[in-house]
Each structure stands twice: as structure tokens, then as C-alpha cells.
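The structure file start29.cif is reproduced below (mmCIF, C-alpha atoms and all ligand atoms).
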data_entry
loop_
_atom_site.label_atom_id
_atom_site.label_comp_id
_atom_site.auth_asym_id
_atom_site.auth_seq_id
_atom_site.Cartn_x
_atom_site.Cartn_y
_atom_site.Cartn_z
CA MET V 147 -3.67 -18.95 9.91
CA SER V 148 -2.03 -22.08 8.53
CA ALA V 149 1.16 -21.89 6.49
CA GLY V 150 -0.77 -23.02 3.42
CA GLN V 151 -2.78 -19.81 3.37
CA SER V 152 0.15 -17.62 2.33
CA LEU V 153 0.73 -16.06 -1.03
CA ARG V 154 3.92 -16.88 -2.85
CA LEU V 155 5.63 -14.79 -5.54
CA GLU V 156 8.34 -15.77 -8.03
CA TYR V 157 9.98 -14.06 -10.99
CA LEU V 158 10.57 -16.72 -13.63
CA THR V 159 11.26 -17.16 -17.33
CA PRO V 160 8.42 -18.87 -19.22
CA SER V 161 10.45 -22.07 -19.51
CA GLU V 162 11.30 -22.08 -15.79
CA SER V 163 7.65 -21.61 -14.98
CA ARG V 164 6.61 -24.33 -17.41
CA SER V 165 9.01 -26.78 -15.81
CA GLU V 166 7.82 -25.84 -12.32
CA GLY V 167 4.28 -26.43 -13.49
CA TRP V 168 1.22 -24.29 -12.88
CA GLN V 169 0.37 -25.87 -9.53
CA GLY V 170 -1.43 -23.38 -7.34
CA VAL V 171 -0.94 -20.48 -9.74
CA LEU V 172 -3.49 -17.78 -9.01
CA GLY V 173 -2.38 -15.39 -11.72
CA ALA V 174 0.65 -13.90 -13.41
CA ALA V 175 1.98 -10.89 -15.26
CA ALA V 176 4.22 -11.25 -18.32
CA PHE V 177 6.90 -8.64 -19.11
CA PRO V 178 8.42 -8.89 -22.60
CA GLY V 179 12.14 -9.24 -23.23
CA GLU V 180 13.71 -6.00 -24.41
CA ARG V 181 14.45 -7.13 -27.93
CA ARG V 182 11.19 -8.91 -28.52
CA GLY V 183 8.21 -7.64 -30.45
CA THR V 184 4.70 -7.69 -29.10
CA GLU V 185 4.03 -11.09 -30.70
CA ALA V 186 6.62 -12.78 -28.50
CA GLU V 187 4.86 -11.61 -25.38
CA HIS V 188 2.45 -14.39 -25.95
CA ALA V 189 5.16 -17.03 -25.60
CA LEU V 190 2.95 -18.64 -23.00
CA GLY V 191 0.06 -18.98 -25.40
CA GLY V 192 -3.49 -17.88 -24.78
CA GLY V 193 -4.60 -21.12 -23.17
CA VAL V 194 -3.26 -20.81 -19.65
CA GLY V 195 -5.90 -21.56 -17.05
CA PHE V 196 -5.30 -18.47 -14.93
CA PRO V 197 -5.50 -14.70 -15.43
CA LEU V 198 -2.37 -13.46 -17.20
CA ALA V 199 -1.67 -9.72 -17.57
CA HIS V 200 0.39 -8.91 -20.66
CA VAL V 201 2.27 -5.84 -19.50
CA HIS V 202 3.93 -3.79 -22.26
CA THR V 203 6.83 -2.70 -20.06
CA PRO V 204 10.03 -4.54 -21.04
CA VAL V 205 12.59 -6.39 -18.96
CA LEU V 206 15.95 -4.57 -18.79
CA GLY V 207 19.41 -5.95 -19.16
CA ASP V 208 18.20 -9.24 -20.51
CA ALA V 209 16.42 -10.23 -23.69
CA ARG V 210 14.19 -12.76 -21.98
CA GLU V 211 10.53 -12.43 -21.21
CA MET V 212 9.86 -12.71 -17.47
CA LEU V 213 6.81 -13.76 -15.53
CA GLU V 214 5.68 -12.53 -12.13
CA VAL V 215 3.88 -15.60 -10.83
CA TRP V 216 1.54 -15.51 -7.83
CA ARG V 217 0.66 -18.78 -6.12
CA ALA V 218 -1.76 -19.62 -3.33
CA SER V 219 -2.60 -22.95 -1.77
CA GLY V 220 -5.34 -25.15 -3.14
CA ARG V 221 -7.12 -25.16 -6.44
CA ALA V 222 -7.82 -21.71 -7.88
CA GLN V 223 -11.40 -21.03 -9.00
CA PRO V 224 -11.57 -18.98 -12.20
CA GLY V 225 -14.13 -16.29 -12.93
CA SER V 226 -14.71 -13.33 -15.19
CA HIS V 227 -16.67 -10.10 -15.16
CA GLY V 228 -16.69 -7.81 -18.19
CA ARG V 229 -13.06 -7.56 -19.29
CA VAL V 230 -11.73 -8.79 -15.96
CA ARG V 231 -10.42 -12.32 -15.64
CA TYR V 232 -9.90 -13.37 -12.08
CA ALA V 233 -9.14 -16.39 -9.91
CA TRP V 234 -9.90 -17.16 -6.29
CA GLY V 235 -7.41 -19.31 -4.37
CA ALA V 236 -7.54 -19.80 -0.63
CA ASP V 237 -8.24 -16.30 0.73
CA PHE V 238 -6.91 -14.43 -2.27
CA LEU V 239 -8.22 -13.08 -5.54
CA PHE V 240 -5.97 -12.14 -8.47
CA GLY V 241 -7.49 -10.26 -11.40
CA SER V 242 -6.36 -8.55 -14.57
CA LEU V 243 -7.77 -6.49 -17.41
CA ALA V 244 -6.71 -4.28 -20.32
CA VAL V 245 -8.50 -1.41 -22.08
CA HIS V 246 -7.35 0.09 -25.39
CA GLU V 247 -7.82 3.85 -25.64
CA SER V 248 -8.43 3.53 -29.36
CA GLU V 249 -11.74 1.84 -28.53
CA MET V 250 -12.71 4.96 -26.59
CA ALA V 251 -12.06 7.51 -29.36
CA ALA V 252 -15.70 7.73 -30.48
CA THR V 253 -16.92 8.18 -26.90
CA ALA V 254 -14.22 10.78 -26.25
CA GLU V 255 -15.37 12.93 -29.16
CA SER V 256 -18.79 13.45 -27.63
CA SER V 257 -17.53 13.91 -24.06
CA LEU V 258 -15.37 16.27 -22.06
CA ARG V 259 -13.02 13.46 -21.09
CA THR V 260 -9.86 12.30 -22.85
CA PRO V 261 -9.54 8.76 -24.27
CA LEU V 262 -7.17 7.86 -21.39
CA GLU V 263 -9.64 9.18 -18.82
CA ILE V 264 -12.43 7.12 -20.37
CA ALA V 265 -10.26 4.00 -20.58
CA THR V 266 -9.12 4.43 -16.95
CA ASP V 267 -12.69 5.06 -15.81
CA LEU V 268 -13.83 1.86 -17.54
CA ALA V 269 -10.91 -0.17 -16.17
CA TYR V 270 -11.59 0.95 -12.59
CA ARG V 271 -15.35 0.45 -12.86
CA GLU V 272 -14.80 -3.05 -14.23
CA MET V 273 -12.26 -3.90 -11.53
CA TYR V 274 -14.66 -2.72 -8.80
CA GLY V 275 -17.53 -4.50 -10.54
CA ALA V 276 -15.55 -7.75 -10.61
CA LEU V 277 -14.74 -7.40 -6.90
CA THR V 278 -18.41 -6.87 -6.10
CA ALA V 279 -19.40 -9.84 -8.26
CA ALA V 280 -16.74 -12.03 -6.62
CA GLY V 281 -18.19 -11.45 -3.15
CA ASN V 282 -16.56 -8.15 -2.23
CA PRO V 283 -13.00 -9.01 -1.26
CA GLN V 284 -10.82 -6.12 -0.06
CA LEU V 285 -8.49 -4.58 -2.60
CA VAL V 286 -4.91 -4.95 -1.35
CA ARG V 287 -2.56 -4.18 -4.26
CA VAL V 288 -3.06 -2.70 -7.76
CA TRP V 289 -0.51 -2.45 -10.58
CA ASN V 290 -1.28 0.17 -13.28
CA TYR V 291 0.58 0.36 -16.62
CA ILE V 292 -0.19 3.41 -18.74
CA PRO V 293 1.18 4.04 -22.25
CA ASP V 294 3.10 7.33 -22.69
CA ILE V 295 2.59 8.20 -19.03
CA ASN V 296 4.57 11.49 -19.22
CA LEU V 297 3.06 12.80 -22.46
CA ASP V 298 0.98 16.00 -22.34
CA THR V 299 -2.28 15.75 -24.28
CA HIS V 300 -5.46 17.82 -23.99
CA GLY V 301 -3.49 20.23 -21.78
CA LEU V 302 -2.71 17.68 -19.04
CA GLU V 303 0.03 15.10 -18.52
CA ARG V 304 -1.36 11.61 -19.03
CA TYR V 305 -0.41 10.43 -15.51
CA ARG V 306 -2.52 13.32 -14.19
CA GLN V 307 -5.38 12.33 -16.50
CA PHE V 308 -5.09 8.81 -15.09
CA ASN V 309 -5.21 10.12 -11.50
CA LYS V 310 -8.25 12.24 -12.25
CA ALA V 311 -10.14 9.29 -13.75
CA ARG V 312 -9.06 6.83 -11.02
CA HIS V 313 -10.24 9.30 -8.39
CA GLU V 314 -13.58 9.99 -10.09
CA ALA V 315 -14.32 6.32 -10.88
CA SER V 316 -13.50 5.38 -7.27
CA LEU V 317 -15.86 8.06 -5.94
CA ALA V 318 -18.59 7.01 -8.38
CA CYS V 319 -18.25 3.39 -7.23
CA GLY V 320 -18.40 4.32 -3.54
CA ARG V 321 -14.77 3.35 -3.03
CA ALA V 322 -12.19 5.13 -0.87
CA ILE V 323 -9.88 7.76 -2.37
CA ALA V 324 -7.77 8.19 0.79
CA GLY V 325 -6.91 6.17 3.86
CA SER V 326 -8.17 2.66 3.12
CA VAL V 327 -6.73 2.57 -0.38
CA PRO V 328 -4.60 -0.23 -1.84
CA ALA V 329 -0.86 -0.21 -2.30
CA ALA V 330 -0.15 0.56 -5.96
CA SER V 331 2.32 1.20 -8.72
CA ALA V 332 1.66 3.36 -11.80
CA LEU V 333 4.27 3.13 -14.55
CA GLY V 334 4.71 3.82 -18.21
CA ALA V 335 4.13 1.31 -20.98
CA THR V 336 4.85 1.22 -24.71
CA THR V 337 3.04 3.65 -27.03
CA GLY V 338 -0.17 2.13 -28.38
CA SER V 339 -0.46 -0.54 -25.68
CA PRO V 340 -3.66 -0.81 -23.64
CA VAL V 341 -4.12 0.56 -20.13
CA THR V 342 -3.31 -2.62 -18.21
CA LEU V 343 -4.20 -3.37 -14.59
CA TYR V 344 -3.71 -6.36 -12.38
CA PHE V 345 -4.65 -6.61 -8.73
CA LEU V 346 -4.79 -8.70 -5.58
CA ALA V 347 -7.70 -8.73 -3.16
CA SER V 348 -8.47 -10.74 -0.05
CA ARG V 349 -11.36 -11.85 2.12
CA ARG V 350 -9.48 -10.19 4.98
CA ALA V 351 -8.90 -6.45 5.29
CA PRO V 352 -5.26 -5.37 5.02
CA ALA V 353 -3.55 -2.85 7.27
CA PHE V 354 -2.77 0.41 5.46
CA ILE V 355 0.71 1.80 6.12
CA GLU V 356 1.99 5.33 5.39
CA ASN V 357 5.61 6.46 5.30
CA PRO V 358 6.58 8.95 8.05
CA ARG V 359 9.18 10.47 5.65
CA GLN V 360 6.58 11.19 2.96
CA VAL V 361 3.35 13.12 2.63
CA SER V 362 0.62 10.58 1.87
CA ALA V 363 0.14 10.49 -1.90
CA TYR V 364 -3.60 11.07 -1.44
CA HIS V 365 -2.66 14.36 0.30
CA TYR V 366 -0.22 15.60 -2.34
CA PRO V 367 -0.70 19.33 -3.05
CA ALA V 368 -2.39 20.41 -6.29
CA GLN V 369 0.93 21.18 -8.03
CA TYR V 370 1.11 17.43 -8.86
CA GLY V 371 -2.23 17.41 -10.63
CA PRO V 372 -5.92 18.23 -10.15
CA ARG V 373 -6.62 14.92 -8.34
CA SER V 374 -4.23 13.22 -5.93
CA PRO V 375 -3.10 9.65 -6.52
CA ALA V 376 -5.27 7.22 -4.53
CA PHE V 377 -2.84 4.72 -3.04
CA SER V 378 -1.30 3.75 0.29
CA ARG V 379 2.49 3.53 0.67
CA ALA V 380 2.14 -0.13 1.75
CA THR V 381 -0.42 -2.71 2.84
CA VAL V 382 0.00 -5.72 5.11
CA LEU V 383 -2.18 -8.76 4.78
CA GLY V 384 -2.37 -11.44 7.46
CA GLU V 385 -0.82 -11.83 10.86
CA GLY V 386 2.59 -12.49 12.35
CA SER V 387 4.93 -14.75 10.44
CA GLU V 388 2.27 -15.48 7.79
CA ALA V 389 1.78 -11.85 6.82
CA THR V 390 2.59 -10.44 3.39
CA LEU V 391 3.79 -6.85 2.99
CA PHE V 392 3.10 -5.03 -0.28
CA VAL V 393 5.27 -1.95 -0.80
CA SER V 394 3.93 0.51 -3.39
CA GLY V 395 6.11 1.96 -6.09
CA THR V 396 8.60 4.03 -4.08
CA ALA V 397 10.76 6.82 -5.43
CA SER V 398 13.16 9.53 -4.31
CA ILE V 399 10.42 11.64 -2.78
CA VAL V 400 10.70 13.14 0.71
CA GLY V 401 7.76 15.16 1.96
CA HIS V 402 6.11 15.64 -1.40
CA ARG V 403 9.23 16.79 -3.28
CA THR V 404 11.52 14.91 -5.62
CA LEU V 405 15.11 14.78 -4.34
CA HIS V 406 18.31 14.17 -6.37
CA ALA V 407 16.95 15.02 -9.82
CA GLY V 408 19.57 13.95 -12.38
CA ASP V 409 21.39 11.60 -9.94
CA PRO V 410 20.00 8.07 -10.41
CA ALA V 411 22.32 6.47 -7.80
CA ALA V 412 21.25 8.97 -5.12
CA GLN V 413 17.60 8.46 -6.14
CA ALA V 414 17.97 4.70 -5.71
CA ARG V 415 19.49 5.21 -2.21
CA GLU V 416 16.67 7.61 -1.23
CA ALA V 417 13.99 5.21 -2.49
CA LEU V 418 15.60 2.41 -0.45
CA ALA V 419 15.67 4.69 2.61
CA ASN V 420 11.94 5.22 2.06
CA ILE V 421 11.36 1.46 1.88
CA GLU V 422 13.36 0.93 5.09
CA ALA V 423 11.24 3.59 6.81
CA LEU V 424 8.11 1.76 5.63
CA LEU V 425 9.40 -1.56 6.94
CA GLU V 426 9.93 0.04 10.35
CA GLU V 427 6.50 1.66 10.25
CA ALA V 428 4.85 -1.65 9.27
CA GLY V 429 6.73 -3.29 12.17
CA ARG V 430 5.31 -0.69 14.58
CA ARG V 431 1.75 -0.88 13.26
CA THR V 432 1.31 -4.63 12.68
CA SER V 433 2.30 -7.97 14.18
CA THR V 434 4.68 -8.84 11.34
CA GLY V 435 7.86 -7.77 13.08
CA THR V 436 10.28 -5.60 11.15
CA LEU V 437 11.23 -7.19 7.85
CA ARG V 438 14.74 -6.69 6.53
CA LEU V 439 15.45 -5.38 3.01
CA GLU V 440 17.06 -8.76 2.23
CA ALA V 441 13.75 -10.56 2.78
CA LEU V 442 11.83 -8.79 0.01
CA ALA V 443 11.37 -9.34 -3.73
CA TYR V 444 11.73 -6.22 -5.87
CA LYS V 445 10.69 -4.78 -9.20
CA VAL V 446 12.96 -1.87 -10.13
CA TYR V 447 11.71 0.51 -12.84
CA VAL V 448 14.47 2.40 -14.66
CA ARG V 449 13.66 5.27 -17.00
CA ASP V 450 16.96 5.37 -18.92
CA PRO V 451 18.68 2.01 -19.54
CA ARG V 452 22.08 3.76 -19.33
CA ASP V 453 21.42 4.23 -15.60
CA LEU V 454 20.98 0.50 -14.98
CA PRO V 455 24.60 -0.22 -13.88
CA VAL V 456 24.68 2.46 -11.14
CA ILE V 457 21.17 1.62 -9.97
CA ARG V 458 21.97 -2.09 -9.88
CA THR V 459 25.09 -1.40 -7.80
CA GLU V 460 23.01 0.51 -5.22
CA LEU V 461 20.32 -2.17 -5.07
CA GLU V 462 22.70 -5.07 -4.75
CA SER V 463 24.71 -3.43 -2.00
CA ALA V 464 21.52 -2.66 -0.04
CA VAL V 465 19.52 -5.87 -0.46
CA GLY V 466 22.29 -8.47 -0.70
CA PRO V 467 23.06 -11.02 -3.39
CA ASP V 468 20.11 -13.36 -2.82
CA ALA V 469 17.10 -11.07 -3.03
CA ALA V 470 14.79 -11.51 -6.02
CA LEU V 471 15.16 -8.49 -8.34
CA LEU V 472 13.47 -7.78 -11.64
CA TYR V 473 14.60 -4.69 -13.59
CA LEU V 474 12.15 -3.15 -16.04
CA LYS V 475 12.41 -0.20 -18.43
CA ALA V 476 9.60 2.24 -17.71
CA ASP V 477 8.79 5.90 -17.62
CA ILE V 478 7.96 7.02 -14.10
CA CYS V 479 5.12 9.30 -13.08
CA ARG V 480 7.27 12.41 -12.50
CA ARG V 481 9.66 13.48 -15.24
CA ASP V 482 12.43 14.23 -12.72
CA LEU V 483 12.38 10.66 -11.36
CA SER V 484 14.92 8.19 -12.81
CA VAL V 485 14.00 5.11 -10.77
CA GLU V 486 11.11 3.63 -8.81
CA ILE V 487 11.15 0.50 -6.64
CA GLU V 488 8.27 -1.71 -5.51
CA ALA V 489 8.58 -4.71 -3.21
CA VAL V 490 6.79 -7.66 -1.65
CA GLY V 491 7.84 -9.58 1.40
CA GLY V 492 6.69 -11.71 4.25
CA GLY V 493 7.61 -14.25 6.81
CA GLY V 494 5.37 -16.93 5.34
CA TRP V 495 7.49 -17.37 2.25
CA ARG V 496 10.88 -16.62 0.80
CA PRO V 497 11.13 -14.71 -2.44
CA GLY V 498 12.28 -17.09 -5.13
CA GLY V 499 13.07 -17.08 -8.85
CA GLN V 500 16.05 -15.14 -10.21
C1 LIG B 1 5.07 8.67 -5.80
O1 LIG B 1 5.50 8.34 -4.69
C2 LIG B 1 5.68 7.99 -6.98
O2 LIG B 1 -0.24 6.66 -8.88
O3 LIG B 1 -0.61 4.63 -8.17
C3 LIG B 1 4.13 5.40 -6.89
C4 LIG B 1 3.23 4.39 -6.62
C5 LIG B 1 3.74 6.48 -7.67
C6 LIG B 1 1.91 4.46 -7.10
C7 LIG B 1 0.14 5.62 -8.34
C8 LIG B 1 2.43 6.54 -8.15
C9 LIG B 1 1.53 5.54 -7.86
O4 LIG B 1 4.19 9.53 -5.96
C10 LIG B 1 4.69 7.58 -8.00
#
Would you give me this structure, written as C-alpha cells?
Ligand code: 3EB
Amino acid sequence: MSAGQSLRLEYLTPSESRSEGWQGVLGAAAFPGERRGTEAEHALGGGVGFPLAHVHTPVLGDAREMLEVWRASGRAQPGSHGRVRYAWGADFLFGSLAVHESEMAATAESSLRTPLEIATDLAYREMYGALTAAGNPQLVRVWNYIPDINLDTHGLERYRQFNKARHEASLACGRAIAGSVPAASALGATTGSPVTLYFLASRRAPAFIENPRQVSAYHYPAQYGPRSPAFSRATVLGEGSEATLFVSGTASIVGHRTLHAGDPAAQAREALANIEALLEEAGRRTSTGTLRLEALAYKVYVRDPRDLPVIRTELESAVGPDAALLYLKADICRRDLSVEIEAVGGGGWRPGGQ
């Protein structure tokens, strides 16, 4: 594997990314500044030549919009399938799509499913359809943003509705629901925003890593919902120093139970302990060697902005001053969780931005 085949990730403001240029950009996600309205999320304009996910989950502690920019070597080849826009670059495919539940209301009336279940079902079918149409790359990492994720409607919390529909759509499309499932995050988004997904896939199969401190999410007991969440704790793509590690959204969960409810600093420490355990496990199971916390780029989801200072203190003392960190305000998929942390790292590149 040549060095040019690696993925590269940066967290940038729109003006930083404009001045860097769009060379090699495979795709990006835009997170609005906290004080901005939905209009300002389109600061980049609609005419960018790559898939851009507009995620309605705001940046914390800063008014600026931020972009998560994924680059790969060579010229990216664009494509689309249904609502999915995607781009192929080197070995990697980036795709994104959004589905408004309001479009599903009529269908929901004549079915037994909720609007969120129908929207999630459509989003997953279209994502799988796009992958098939693009030559069947392997799904490596999926980001899911779900409006009002903790709200109960139709007798079931919306995150649990989402899990049910993800599970059923995956089964219907002949896709795995355990084991060989992508790394993922599932977070809240603003009321009225669409269900928004973006994803990375590859011509090569990733390694699927579980956390020895945690029950696999796809084996969670039924108390967390009628269908278990279909994601791996981490995936590793590529070999040796060129490999990229994708750490799923990680919270203060040991076994299958939440620890430290009401103590955001302790939750942040426990989530970091989980990430360290995953780094060791990935080091045992793959040829990447054991990555250090300092070598990763992080997105940190904080439920209550008042907890940001204590959470930031924990993160900075664990990962050092130079790691790339993006803090976002989001509801998390269990009501007793205050913070969730996802990460990306690898030897083939250094996290940049911020
Ligand atoms: C957890 O460990 C926390 O449903 O795709 C983290 C990452 C979480 C991904 C998902 C959920 C998901 O269960 C929640």
C-alpha cells in the first residue's frame, strides 16, 4: 500500500478549507455554529463538487461553522443513487444522504411503522443501494444524526425506533446485523431536521474490533430496545503504518450498563478508558501497532453545554494539547449519558485542523 492511498481527515472552518482548496476532497460534513440559523449552514454554497452532509448538530463553545473534511489521493469520481451523493477516490467511497420524516407522514398513516422508522428504512435501503450500484465496496463507518433522538413517540423512544428500522432494513437488504457491521455513531439533531447519514466504504474489507470491557452493542439485552444497535466498536482499514482506525461513538458504558450517571467528568474518563481498551484490542488483532490517544482526532458530543468545561479538562489532560478535537452539542442515545466520544486515527496521516 503506497502512502498516497491513505485517507486524511481535518476539522476546518469554511474559510480555512476554502484557502486550503478542495484538492483531493472526497466528501465532508458541515456542523453549524451554535448561534447560526439553518440558513448559515450553507455557507459553503450548494455548488461544491463533492458530497457534503449538512448535519443539524451544532458546534459547541464557538460560534463558527466547522467542516469535517475527508481527503484521499487522486481525483475523486462523483456519483449518485437515489438521494445518495457519493464520490470514489483511490480505494475509498464517501457518501451522504438526508431524509425528512415529514415526507413520510402519508406513508406512515397507512402502515404500522412510525415516520422515523420509514425514514430510517429508506435511508438505509438507499445507502445499501448506492453501495451496490457503486460496485459493492465494504461499509466501514456510518454516522447517523437523528432529530429528537430521546423523545418517546408511538410508545417507543426514537433512538429505539431508529435501531428497529436499521436492523430490519439491513436484514431486508441481506446485510449483516452483527459481527461484520461498520463502526458507527448515532446522535441527536435539531427538531425538524432530516435523518442525516454519511458513510465511508472501501474496496478492501476492514477488520471489526470489539471492546473487551463492553458487551457488543449488537448483543445488548432487550432492556435497551426491541432491536439491538448494529455497529462494531471500531473498524480498521488497511495494513501497518497505512491503516486507519475508526472508533465508534464511545460512552461511559461498561458491560452493557451506564456508569457515572450525573457525573460528566467521570463519564468522560470512562469513555476514554473504553477508547484506550479498543486501541489495545486493535493492536492485538491487526498489524497497526497500538495507537496512542494523542494520535487520534476526536468528535466529542456533549448533551448539556454547561458540562463542556469539565469534559474539556478531562479530554485535554488525556489526549494532550495537539490532538484535533471538535466539540458538538448533541443528545446521546441513552438519557443517562452526558458525553460520547468518537475518534479516527492512523499511522498514515496526522490529524490536522484545529
Ligand atoms: C453505546 O455504546 C452508545 O446506534 O449506531 C454509540 C455508537 C452508540 C453508535 C449506534 C450508538 C451507536 O451504545 C451509543
(message) At a cut-off of 10 Å around ligand LIG 1 (chain B), and using all atoms listed in the file, what residues come up? Please write them as a PyMOL selection string.
(response) chain V and resi 287-291+305-306+308-309+312+328-333+360-364+366+370+374-380+393-404+417+420+478-480+483+485-488
Distance query stretch 166-183 of chain V at most 9 Å, all atoms listed in the file, self and fewer than 5 positions along chain excluded, as a tab-separated table (two decimals) with C-alpha atoms, keeping the file's coordinate frame:
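Listed below is the output, selection_2.tsv:
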chain	number	residue	atom	x	y	z
V	160	PRO	CA	8.42	-18.87	-19.22
V	161	SER	CA	10.45	-22.07	-19.51
V	188	HIS	CA	2.45	-14.39	-25.95
V	190	LEU	CA	2.95	-18.64	-23.00
V	194	VAL	CA	-3.26	-20.81	-19.65
V	195	GLY	CA	-5.90	-21.56	-17.05
V	196	PHE	CA	-5.30	-18.47	-14.93
V	197	PRO	CA	-5.50	-14.70	-15.43
V	198	LEU	CA	-2.37	-13.46	-17.20
V	199	ALA	CA	-1.67	-9.72	-17.57
V	200	HIS	CA	0.39	-8.91	-20.66
V	201	VAL	CA	2.27	-5.84	-19.50
V	202	HIS	CA	3.93	-3.79	-22.26
V	203	THR	CA	6.83	-2.70	-20.06
V	204	PRO	CA	10.03	-4.54	-21.04
V	205	VAL	CA	12.59	-6.39	-18.96
V	206	LEU	CA	15.95	-4.57	-18.79
V	207	GLY	CA	19.41	-5.95	-19.16
V	208	ASP	CA	18.20	-9.24	-20.51
V	209	ALA	CA	16.42	-10.23	-23.69
V	210	ARG	CA	14.19	-12.76	-21.98
V	211	GLU	CA	10.53	-12.43	-21.21
V	212	MET	CA	9.86	-12.71	-17.47
V	213	LEU	CA	6.81	-13.76	-15.53
V	214	GLU	CA	5.68	-12.53	-12.13
V	215	VAL	CA	3.88	-15.60	-10.83
V	216	TRP	CA	1.54	-15.51	-7.83
V	217	ARG	CA	0.66	-18.78	-6.12
V	218	ALA	CA	-1.76	-19.62	-3.33
V	219	SER	CA	-2.60	-22.95	-1.77
V	220	GLY	CA	-5.34	-25.15	-3.14
V	221	ARG	CA	-7.12	-25.16	-6.44
V	222	ALA	CA	-7.82	-21.71	-7.88
V	223	GLN	CA	-11.40	-21.03	-9.00
V	224	PRO	CA	-11.57	-18.98	-12.20
V	232	TYR	CA	-9.90	-13.37	-12.08
V	233	ALA	CA	-9.14	-16.39	-9.91
V	234	TRP	CA	-9.90	-17.16	-6.29
V	235	GLY	CA	-7.41	-19.31	-4.37
V	238	PHE	CA	-6.91	-14.43	-2.27
V	239	LEU	CA	-8.22	-13.08	-5.54
V	240	PHE	CA	-5.97	-12.14	-8.47
V	241	GLY	CA	-7.49	-10.26	-11.40
V	242	SER	CA	-6.36	-8.55	-14.57
V	344	TYR	CA	-3.71	-6.36	-12.38
V	474	LEU	CA	12.15	-3.15	-16.04
V	475	LYS	CA	12.41	-0.20	-18.43
Specify the axis-aligned box that encloses all atoms of stretch 437-453 of chain V listed in the file after padding of 8 Å on each side, stating its centre and edge lengths in Å to one decimal as AutoDock Vina command-line options.
--center_x 16.4 --center_y -2.6 --center_z -5.8 --size_x 27.4 --size_y 31.9 --size_z 43.4
(message) Please list as an NGL selection string every residue within 8 Å of V:His227, counting all atoms listed in the file and excluding residues in the same chain fewer than 2 positions away.
(response) :V and (225 or 229-231 or 272 or 275-276 or 279)
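Separating atom CA of V:Pro455 from atom CA of V:Leu439 is a distance of 19.9 Å.
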(request) Record the distance separating atom CA of V:Arg359 and atom CA of V:Val327, expressed in Å with one decimal. (result)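 For atom CA of V:Arg359 relative to atom CA of V:Val327, the distance reads 18.8 Å.
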(message) I'd like to know which of V:Pro467, V:His365, V:Arg154, V:Ile295 is closest to V:Ile323, using only C-alpha atoms.
(response)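 Looking at the shortest contact to V:Ile323, the residue is V:His365.
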(message) Ranking V:Gln307, V:Thr337, V:Ser433, V:Thr260 by minimum distance to V:Asp294 and counting all atoms listed in the file, which one comes first?
(response)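 Of all the options, V:Thr337 lies closest to V:Asp294.
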(message) With distances taken over only C-alpha atoms, which residue among V:Ala252, V:Ala353, V:Ala244, V:Ala318 lies nearest V:Glu427?
(response)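 Looking only at the distances to V:Glu427, the closest residue turns out to be V:Ala353.
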(request) State, in Å with one decimal place, the distance from atom CA of V:Met273 to atom CA of V:Gly492. (result)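 Atom-to-atom, atom CA of V:Met273 and atom CA of V:Gly492 are spaced 25.9 Å apart.
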(request) With a distance cut-off of 9 Å and all atoms listed in the file, select the neighbouring residues of stretch 456-466 of chain V, excluding the residue or stretch itself and same-chain residues fewer than 2 positions from it, and output the selection as number ranges by chain. (result) V: 410-415, 418, 438-442, 446, 448, 452-454, 468-469, 471, 473, 485
Those selected residues, please, written with C-alpha atoms and delivered as a PDB file, keeping the file's coordinate frame.
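Output below, filename selection.pdb:
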ATOM      1  CA  PRO V 410      20.000   8.070 -10.410  1.00  0.00           C
ATOM      2  CA  ALA V 411      22.320   6.470  -7.800  1.00  0.00           C
ATOM      3  CA  ALA V 412      21.250   8.970  -5.120  1.00  0.00           C
ATOM      4  CA  GLN V 413      17.600   8.460  -6.140  1.00  0.00           C
ATOM      5  CA  ALA V 414      17.970   4.700  -5.710  1.00  0.00           C
ATOM      6  CA  ARG V 415      19.490   5.210  -2.210  1.00  0.00           C
ATOM      7  CA  LEU V 418      15.600   2.410  -0.450  1.00  0.00           C
ATOM      8  CA  ARG V 438      14.740  -6.690   6.530  1.00  0.00           C
ATOM      9  CA  LEU V 439      15.450  -5.380   3.010  1.00  0.00           C
ATOM     10  CA  GLU V 440      17.060  -8.760   2.230  1.00  0.00           C
ATOM     11  CA  ALA V 441      13.750 -10.560   2.780  1.00  0.00           C
ATOM     12  CA  LEU V 442      11.830  -8.790   0.010  1.00  0.00           C
ATOM     13  CA  VAL V 446      12.960  -1.870 -10.130  1.00  0.00           C
ATOM     14  CA  VAL V 448      14.470   2.400 -14.660  1.00  0.00           C
ATOM     15  CA  ARG V 452      22.080   3.760 -19.330  1.00  0.00           C
ATOM     16  CA  ASP V 453      21.420   4.230 -15.600  1.00  0.00           C
ATOM     17  CA  LEU V 454      20.980   0.500 -14.980  1.00  0.00           C
ATOM     18  CA  ASP V 468      20.110 -13.360  -2.820  1.00  0.00           C
ATOM     19  CA  ALA V 469      17.100 -11.070  -3.030  1.00  0.00           C
ATOM     20  CA  LEU V 471      15.160  -8.490  -8.340  1.00  0.00           C
ATOM     21  CA  TYR V 473      14.600  -4.690 -13.590  1.00  0.00           C
ATOM     22  CA  VAL V 485      14.000   5.110 -10.770  1.00  0.00           C
TER      23      VAL V 485
END
